[in-house]
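Engineer: Input data.tsv, format and content: TSV, C-alpha atoms and all ligand atoms.
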```tsv
chain	number	residue	atom	x	y	z
A	1	MET	CA	104.87	207.51	160.76
A	2	ARG	CA	103.71	210.73	159.19
A	3	ARG	CA	102.33	211.81	162.54
A	4	LEU	CA	105.69	211.13	164.20
A	5	LEU	CA	107.44	213.23	161.56
A	6	LEU	CA	105.00	216.04	162.16
A	7	ILE	CA	105.59	215.89	165.90
A	8	ALA	CA	109.35	215.93	165.33
A	9	PHE	CA	108.98	218.91	162.99
A	10	VAL	CA	106.88	220.88	165.48
A	11	ALA	CA	109.29	220.00	168.31
A	12	ALA	CA	112.23	221.24	166.23
A	13	LEU	CA	110.36	224.46	165.48
A	14	LEU	CA	109.61	225.04	169.15
A	15	ALA	CA	113.18	224.25	170.18
A	16	SER	CA	114.86	226.43	167.57
A	17	PRO	CA	116.39	229.49	169.22
A	18	VAL	CA	114.78	232.82	168.43
A	19	ARG	CA	117.18	234.85	166.32
A	20	ALA	CA	118.36	238.05	167.97
A	21	GLN	CA	117.07	240.22	165.12
A	22	ASP	CA	113.59	238.69	165.51
A	23	ARG	CA	113.26	239.82	169.10
A	24	VAL	CA	111.42	243.01	169.99
A	25	ASN	CA	113.56	245.64	171.75
A	26	VAL	CA	111.70	246.74	174.86
A	27	VAL	CA	112.80	249.26	177.47
A	28	ALA	CA	111.03	249.23	180.85
A	29	SER	CA	111.33	252.24	183.13
A	30	PHE	CA	111.97	250.25	186.32
A	31	SER	CA	112.64	246.74	187.57
A	32	ILE	CA	109.09	245.67	188.46
A	33	LEU	CA	107.80	246.53	184.98
A	34	GLY	CA	110.86	244.78	183.56
A	35	ASP	CA	109.82	241.60	185.35
A	36	PHE	CA	106.29	241.79	183.87
A	37	VAL	CA	107.77	242.29	180.37
A	38	LYS	CA	110.11	239.30	180.84
A	39	ASN	CA	107.25	237.07	181.95
A	40	VAL	CA	105.09	237.97	178.96
A	41	GLY	CA	107.82	238.44	176.36
A	42	GLY	CA	109.98	235.45	177.27
A	43	ASP	CA	112.68	234.80	174.70
A	44	ARG	CA	110.91	236.92	172.07
A	45	VAL	CA	112.01	240.23	173.61
A	46	ASN	CA	115.31	241.96	174.35
A	47	MET	CA	114.47	243.73	177.57
A	48	THR	CA	116.44	246.44	179.34
A	49	THR	CA	115.38	248.47	182.35
A	50	LEU	CA	116.35	252.06	183.03
A	51	VAL	CA	116.11	251.94	186.84
A	52	GLY	CA	117.52	248.60	187.89
A	53	PRO	CA	117.26	246.54	191.11
A	54	ASN	CA	117.28	248.60	194.33
A	55	GLY	CA	117.12	251.83	192.30
A	56	ASP	CA	114.75	254.68	193.16
A	57	VAL	CA	112.56	255.48	190.18
A	58	HIS	CA	111.22	258.68	191.84
A	59	VAL	CA	114.55	260.52	191.91
A	60	TYR	CA	116.22	259.04	188.89
A	61	THR	CA	118.22	261.06	186.36
A	62	PRO	CA	118.45	259.56	182.86
A	63	ALA	CA	122.03	258.91	181.74
A	64	PRO	CA	123.22	259.34	178.12
A	65	SER	CA	123.37	255.54	177.84
A	66	ASP	CA	119.65	255.43	178.64
A	67	ALA	CA	118.92	257.71	175.70
A	68	LYS	CA	120.80	255.21	173.54
A	69	LYS	CA	118.81	252.25	174.91
A	70	ASN	CA	115.61	254.15	174.32
A	71	ALA	CA	116.55	255.15	170.77
A	72	ALA	CA	116.86	251.46	169.82
A	73	ALA	CA	113.59	250.42	171.46
A	74	LYS	CA	110.33	249.60	169.74
A	75	LEU	CA	108.39	249.86	173.00
A	76	LEU	CA	109.03	251.95	176.09
A	77	VAL	CA	106.97	250.56	178.97
A	78	VAL	CA	106.29	253.04	181.76
A	79	ASN	CA	104.12	253.06	184.87
A	80	GLY	CA	102.50	256.46	184.30
A	81	LEU	CA	100.45	258.13	187.08
A	82	GLY	CA	103.29	260.65	187.43
A	83	LEU	CA	105.88	258.12	188.61
A	84	GLU	CA	108.42	258.86	185.88
A	85	GLY	CA	108.67	262.65	186.13
A	86	TRP	CA	111.95	262.45	184.20
A	87	LEU	CA	110.38	260.77	181.18
A	88	PRO	CA	109.75	263.87	179.02
A	89	ARG	CA	113.43	264.83	179.34
A	90	LEU	CA	114.49	261.36	178.25
A	91	ALA	CA	112.05	261.27	175.33
A	92	GLN	CA	113.24	264.68	174.10
A	93	ALA	CA	116.92	263.80	174.39
A	94	ALA	CA	116.64	260.43	172.73
A	95	GLY	CA	114.78	261.23	169.55
A	96	SER	CA	113.22	257.84	170.12
A	97	LYS	CA	110.50	256.43	167.93
A	98	ALA	CA	109.51	253.92	170.60
A	99	THR	CA	105.81	253.52	171.28
A	100	ILE	CA	105.14	254.49	174.89
A	101	VAL	CA	103.07	251.87	176.73
A	102	VAL	CA	101.47	253.13	179.95
A	103	ALA	CA	101.20	249.88	181.88
A	104	SER	CA	98.81	251.28	184.51
A	105	ASN	CA	96.13	252.23	181.93
A	106	GLY	CA	92.74	251.15	183.22
A	107	ILE	CA	93.49	250.93	186.94
A	108	ALA	CA	91.43	253.11	189.33
A	109	PRO	CA	93.90	255.78	190.53
A	110	LEU	CA	94.12	256.67	194.23
A	111	LYS	CA	94.71	260.23	195.42
A	112	VAL	CA	96.84	261.29	198.37
A	113	GLY	CA	95.78	264.88	198.96
A	114	SER	CA	96.04	266.50	195.54
A	115	GLU	CA	98.66	264.02	194.29
A	116	THR	CA	98.01	260.80	192.38
A	117	ASP	CA	99.54	257.76	194.04
A	118	PRO	CA	101.63	256.03	191.35
A	119	HIS	CA	102.28	252.74	193.23
A	120	ALA	CA	99.36	250.88	191.62
A	121	TRP	CA	101.35	247.62	191.16
A	122	GLN	CA	101.17	246.99	194.92
A	123	SER	CA	97.68	245.51	194.44
A	124	VAL	CA	97.91	242.18	192.62
A	125	PRO	CA	94.61	242.77	190.71
A	126	ASN	CA	96.21	245.97	189.36
A	127	ALA	CA	99.38	244.05	188.43
A	128	LYS	CA	97.16	241.83	186.29
A	129	ILE	CA	95.93	244.92	184.41
A	130	TYR	CA	99.58	245.91	183.83
A	131	VAL	CA	100.30	242.44	182.42
A	132	VAL	CA	97.31	242.57	180.05
A	133	ASN	CA	98.41	246.01	178.78
A	134	ILE	CA	101.95	244.73	178.22
A	135	ARG	CA	100.65	241.59	176.47
A	136	ASP	CA	98.50	243.63	174.09
A	137	ALA	CA	101.32	246.10	173.37
A	138	LEU	CA	103.78	243.30	172.62
A	139	ALA	CA	101.26	241.54	170.39
A	140	ALA	CA	100.67	244.76	168.46
A	141	ALA	CA	104.41	245.43	168.10
A	142	ASP	CA	105.21	241.86	167.04
A	143	PRO	CA	102.07	240.17	165.61
A	144	ALA	CA	104.07	237.10	164.51
A	145	ASP	CA	104.67	236.23	168.17
A	146	ALA	CA	101.25	237.27	169.46
A	147	GLU	CA	100.27	233.69	170.32
A	148	VAL	CA	103.42	233.24	172.39
A	149	PHE	CA	102.71	236.46	174.29
A	150	ARG	CA	99.13	235.39	174.93
A	151	ALA	CA	100.19	231.96	176.21
A	152	ASN	CA	102.92	233.43	178.44
A	153	ALA	CA	100.52	236.05	179.80
A	154	ALA	CA	97.83	233.44	180.52
A	155	ARG	CA	100.31	231.36	182.54
A	156	TYR	CA	101.60	234.40	184.44
A	157	LEU	CA	98.10	235.79	185.12
A	158	GLY	CA	97.27	232.40	186.64
A	159	GLU	CA	100.29	232.71	188.94
A	160	LEU	CA	99.13	236.20	189.94
A	161	ASP	CA	95.68	234.81	190.83
A	162	VAL	CA	97.35	232.31	193.15
A	163	LEU	CA	99.45	235.13	194.65
A	164	ASP	CA	96.39	237.32	195.25
A	165	ALA	CA	94.67	234.47	197.09
A	166	GLU	CA	97.81	233.97	199.21
A	167	VAL	CA	97.85	237.62	200.25
A	168	ARG	CA	94.17	237.56	201.23
A	169	ALA	CA	94.60	234.35	203.23
A	170	ALA	CA	97.66	235.79	205.02
A	171	VAL	CA	95.96	239.09	205.93
A	172	ALA	CA	92.90	237.21	207.21
A	173	LYS	CA	95.13	235.60	209.86
A	174	ILE	CA	96.28	238.97	211.26
A	175	PRO	CA	94.02	240.23	214.07
A	176	PRO	CA	92.05	243.20	212.63
A	177	GLU	CA	93.22	245.61	215.37
A	178	ARG	CA	96.86	244.88	214.46
A	179	ARG	CA	96.54	245.56	210.71
A	180	LYS	CA	98.52	248.85	210.73
A	181	VAL	CA	102.17	249.68	210.14
A	182	ILE	CA	104.58	252.55	209.47
A	183	THR	CA	106.80	252.77	206.38
A	184	THR	CA	109.16	255.37	204.97
A	185	HIS	CA	107.08	256.72	202.07
A	186	LYS	CA	103.45	256.25	201.04
A	187	ALA	CA	104.04	253.36	198.66
A	188	PHE	CA	101.39	250.93	199.90
A	189	GLY	CA	98.12	252.81	199.38
A	190	TYR	CA	96.91	250.33	196.73
A	191	PHE	CA	97.97	247.38	198.88
A	192	ALA	CA	96.04	248.94	201.77
A	193	ALA	CA	92.95	249.49	199.62
A	194	ALA	CA	93.02	245.97	198.18
A	195	TYR	CA	93.88	244.00	201.31
A	196	GLY	CA	92.92	246.06	204.36
A	197	ILE	CA	96.18	246.84	206.14
A	198	ALA	CA	96.63	250.52	207.10
A	199	PHE	CA	99.96	252.12	206.19
A	200	LEU	CA	101.17	255.34	207.76
A	201	ALA	CA	104.32	256.91	206.30
A	202	LEU	CA	106.93	259.49	207.10
A	203	VAL	CA	106.76	261.15	203.69
A	204	GLY	CA	104.31	261.29	200.79
A	205	VAL	CA	103.94	259.35	197.58
A	206	SER	CA	107.36	260.41	196.32
A	207	THR	CA	110.74	259.97	198.02
A	208	GLU	CA	111.76	263.44	196.80
A	209	THR	CA	110.59	265.29	199.91
A	210	GLU	CA	112.24	265.24	203.34
A	211	PRO	CA	110.04	264.99	206.43
A	212	SER	CA	110.01	268.06	208.67
A	213	ALA	CA	110.56	267.97	212.44
A	214	ARG	CA	106.81	268.54	212.77
A	215	ASP	CA	106.01	265.56	210.49
A	216	ILE	CA	108.23	263.35	212.63
A	217	ALA	CA	106.72	264.54	215.91
A	218	ALA	CA	103.19	264.02	214.54
A	219	LEU	CA	104.02	260.50	213.39
A	220	ILE	CA	105.54	259.58	216.77
A	221	GLN	CA	102.40	260.87	218.45
A	222	GLN	CA	100.21	258.84	216.10
A	223	ILE	CA	102.23	255.67	216.69
A	224	LYS	CA	101.54	256.03	220.41
A	225	VAL	CA	97.86	256.94	220.12
A	226	ASP	CA	97.05	254.27	217.50
A	227	LYS	CA	99.28	251.64	219.15
A	228	ILE	CA	100.96	250.80	215.82
A	229	PRO	CA	102.55	247.36	216.26
A	230	ALA	CA	105.47	247.65	213.80
A	231	VAL	CA	107.57	249.93	211.62
A	232	PHE	CA	109.17	248.79	208.38
A	233	LEU	CA	112.12	249.93	206.33
A	234	GLU	CA	112.15	250.07	202.54
A	235	ASN	CA	114.89	249.03	200.18
A	236	LEU	CA	115.25	252.32	198.40
A	237	SER	CA	115.50	255.29	200.71
A	238	ASP	CA	117.57	256.41	203.65
A	239	ASP	CA	115.96	254.66	206.59
A	240	ARG	CA	117.98	255.98	209.51
A	241	LEU	CA	115.07	258.16	210.54
A	242	ILE	CA	112.62	255.25	210.66
A	243	GLY	CA	115.19	253.38	212.76
A	244	ARG	CA	115.35	256.30	215.21
A	245	ILE	CA	111.55	256.47	215.41
A	246	ALA	CA	111.42	252.75	216.18
A	247	ALA	CA	114.00	253.22	218.93
A	248	GLU	CA	112.22	256.23	220.39
A	249	THR	CA	108.73	254.71	220.46
A	250	GLY	CA	109.81	251.19	221.35
A	251	VAL	CA	107.81	249.88	218.38
A	252	LYS	CA	109.01	246.67	216.79
A	253	ALA	CA	111.13	247.06	213.66
A	254	GLY	CA	109.51	244.59	211.26
A	255	GLY	CA	112.31	244.41	208.71
A	256	THR	CA	112.27	245.61	205.11
A	257	LEU	CA	109.32	245.95	202.76
A	258	TYR	CA	110.00	246.13	199.03
A	259	SER	CA	107.93	248.85	197.43
A	260	ASP	CA	109.27	250.40	194.23
A	261	SER	CA	112.09	248.12	193.25
A	262	LEU	CA	113.11	244.50	192.99
A	263	THR	CA	116.36	243.25	194.51
A	264	ASP	CA	119.11	241.60	192.48
A	265	GLU	CA	119.07	237.81	192.02
A	266	LYS	CA	120.67	237.16	195.40
A	267	GLY	CA	118.19	239.34	197.33
A	268	PRO	CA	114.80	238.26	198.69
A	269	ALA	CA	112.74	239.98	195.96
A	270	PRO	CA	114.26	239.32	192.53
A	271	THR	CA	110.78	239.05	190.93
A	272	TYR	CA	107.41	240.73	191.53
A	273	ILE	CA	105.92	237.51	192.89
A	274	ALA	CA	108.87	237.06	195.27
A	275	LEU	CA	108.50	240.72	196.32
A	276	VAL	CA	104.83	240.34	197.26
A	277	ARG	CA	105.53	237.04	199.06
A	278	HIS	CA	108.40	238.59	200.98
A	279	ASN	CA	106.27	241.58	202.03
A	280	ILE	CA	103.34	239.49	203.16
A	281	LYS	CA	105.63	237.22	205.17
A	282	ALA	CA	107.27	240.23	206.85
A	283	LEU	CA	103.85	241.77	207.62
A	284	THR	CA	102.31	238.61	209.03
A	285	SER	CA	105.31	237.81	211.20
A	286	ALA	CA	105.42	241.35	212.63
A	287	LEU	CA	101.65	241.79	213.04
A	288	GLY	CA	100.52	238.29	213.96
A	289	ASN	CA	100.26	237.52	217.63
B	301	ZN	ZN	107.52	255.15	195.70
```
Would you kindly transcribe this structure into structure tokens?
Structural biologist:
Amino acid sequence: MRRLLLIAFVAALLASPVRAQDRVNVVASFSILGDFVKNVGGDRVNMTTLVGPNGDVHVYTPAPSDAKKNAAAKLLVVNGLGLEGWLPRLAQAAGSKATIVVASNGIAPLKVGSETDPHAWQSVPNAKIYVVNIRDALAAADPADAEVFRANAARYLGELDVLDAEVRAAVAKIPPERRKVITTHKAFGYFAAAYGIAFLALVGVSTETEPSARDIAALIQQIKVDKIPAVFLENLSDDRLIGRIAAETGVKAGGTLYSDSLTDEKGPAPTYIALVRHNIKALTSALGN
């Protein structure tokens, strides 16, 4: 009887809703980080993102409402590696006391020329490092809920292990000579390094620059010489140029890859896991025989 009462008591505790004032206010700089925070924080965090679904975090301009969100936050989770060039402006404007959590801390950065490639989340092993950093930051900000964060993170890290194995199995089925594609900007360097598909791009690691006529001509030449099987669009930048290149070279347009942003709930990539699954499906269907 006593045991039953205890079980009922624990069940009631677990079921009781978390009061709003007990939740940690967390701001994430863009949608992919927001998804990691939601998975680890669950109902113990109030999470807002600055750059929402289908937004371009490279060329973002903080709005006054963002300064307000940031001022109320205990944690501000950012990617780092130079992705959020607008962050110092936001931090100055907001007078925020939020602790800045650099989610990419501990990954091995890749260089493209003299620039650091910020898109580290495109390798699932790196995403796991992000999740561990977020878990530890949440636990430090809200020690009373540390066990919840650890349990949530353990479950999610397990899902990421499954995802990583899926990507490797999918790439293994693509003939090695066909493991190369074109995208709009260099967002898949970490994916390439982790999984062995080569990505050529029209522009560099940021979407801020426009390709020159010479860049375009060189890429068209390379597509022909390297016999690139497919070009892909991205969900964040103007892709008319990639469409024209596909038409001009006769290369297959492989659809859309999701690089720097999730989609909304109705889109094909509302979560990080859905994003990676969508990308790998698009790659294998375009590159498989
Ligand atoms: Zn990018």
Engineer: Taking all atoms listed in the file into account, report as a PyMOL selection string which residues have an atom no farther than 8 Å from an atom of ligand ZN 301 (chain B).
Structural biologist: chain A and resi 56-58+83+118-119+185-187+205-207+259-260
Engineer: Skip segment 25-37 of chain A itself and residues of its chain fewer than 5 positions away, then list as a list of chain:residue names all residues within 6 Å of it, counting all atoms listed in the file.
Structural biologist: A:Val45, A:Asn46, A:Met47, A:Thr48, A:Thr49, A:Leu50, A:Val51, A:Gly52, A:Pro53, A:Ala73, A:Lys74, A:Leu75, A:Leu76, A:Val77, A:Val78, A:Ser261, A:Leu262
Engineer: Report as a list in words all protein, DNA and RNA residues lying within 10 Å of Ala192 of chain A, evaluated on all atoms listed in the file, omitting residues in the same chain fewer than 4 positions from it.
Structural biologist: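 Listing them by chain and then by number gives Gln122, Ser123, Arg179, Lys180, Ala187, Phe188, Gly196, Ile197, Ala198 and Phe199 of chain A.
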Engineer: Store the residues picked out above in a file with C-alpha atoms, as a CSV table (one decimal), in the coordinates of the input.
Structural biologist:
```csv
chain,number,residue,atom,x,y,z
A,122,GLN,CA,101.2,247.0,194.9
A,123,SER,CA,97.7,245.5,194.4
A,179,ARG,CA,96.5,245.6,210.7
A,180,LYS,CA,98.5,248.8,210.7
A,187,ALA,CA,104.0,253.4,198.7
A,188,PHE,CA,101.4,250.9,199.9
A,196,GLY,CA,92.9,246.1,204.4
A,197,ILE,CA,96.2,246.8,206.1
A,198,ALA,CA,96.6,250.5,207.1
A,199,PHE,CA,100.0,252.1,206.2
```
Engineer: Could you check which of A:Ser114, A:Pro175, A:Val24, A:Gly42 is closest to Ala72 of chain A, using all atoms listed in the file?
Structural biologist: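 Using all atoms listed in the file, the shortest distance to Ala72 of chain A belongs to A:Val24.
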Engineer: Using only C-alpha atoms for the distances, tell me which of A:Asn70, A:Ala141, A:Asp117, A:Glu84 is nearest to Asp22 of chain A.
Structural biologist: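 Nearest candidate to Asp22 of chain A out of A:Asn70, A:Ala141, A:Asp117, A:Glu84: A:Ala141.
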Engineer: Find, counting only C-alpha atoms, the residue in A:Ile280, A:Ala98, A:Val181, A:Val251 that gets nearest to Val167 of chain A.
Structural biologist: A:Ile280
Engineer: Mind giving me the straight-line distance from atom CA of Gly55 of chain A to atom CA of Ala286 of chain A in Å, one decimal?
Structural biologist: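 Taking atom CA of Gly55 of chain A as the start and atom CA of Ala286 of chain A as the end point, the length is 25.7 Å.
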Engineer: Looking at A:Lys38, A:Lys252, A:Lys68, A:Arg155, which one is nearest to Tyr272 of chain A, with distances taken over only C-alpha atoms?
Structural biologist: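 Using only C-alpha atoms, Tyr272 of chain A sits closest to A:Lys38.
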Engineer: Select, from A:Lys128, A:Thr99, A:Ala165, A:Glu208, the residue with the minimum atom-to-atom distance to Tyr60 of chain A, counting only C-alpha atoms.
Structural biologist: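 Closest to Tyr60 of chain A of all the choices is A:Glu208.
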Engineer: For Ile242 of chain A, which residue out of A:Leu202, A:Ala282, A:Ile223, A:Ala146 is the nearest one, using only C-alpha atoms?
Structural biologist: A:Leu202
Engineer: Give me the box for segment 84-98 of chain A as JSON, namely the centre and edge lengths in Å to one decimal of a box along x, y and z that holds every listed atom plus 8 Å on each side.
Structural biologist:
```
{"center_x": 112.7, "center_y": 259.4, "center_z": 177.0, "size_x": 24.5, "size_y": 26.9, "size_z": 34.2}
```
Engineer: Work out how far atom CA of Ile273 of chain A is from atom CA of Leu233 of chain A, in Å to one decimal.
Structural biologist: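 So the answer is 19.3 Å.
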Engineer: Quick one: residues within 9 Å of segment 129-131 of chain A, only C-alpha atoms, excluding same-chain residues fewer than 5 positions away - as a list in words?
Structural biologist: Leu33, Phe36, Val37, Asn39, Val40, Asn79, Val102, Ala103, Ser104, Asn105, Gly106, Ile107, Trp121, Val124, Asp136, Ala153, Tyr156 and Leu157 of chain A
Engineer: Enter the distance from atom CA of Pro125 of chain A to atom CA of Phe191 of chain A, in Å, rounded to one decimal.
Structural biologist: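 Atom CA of Pro125 of chain A sits 10.0 Å away from atom CA of Phe191 of chain A.
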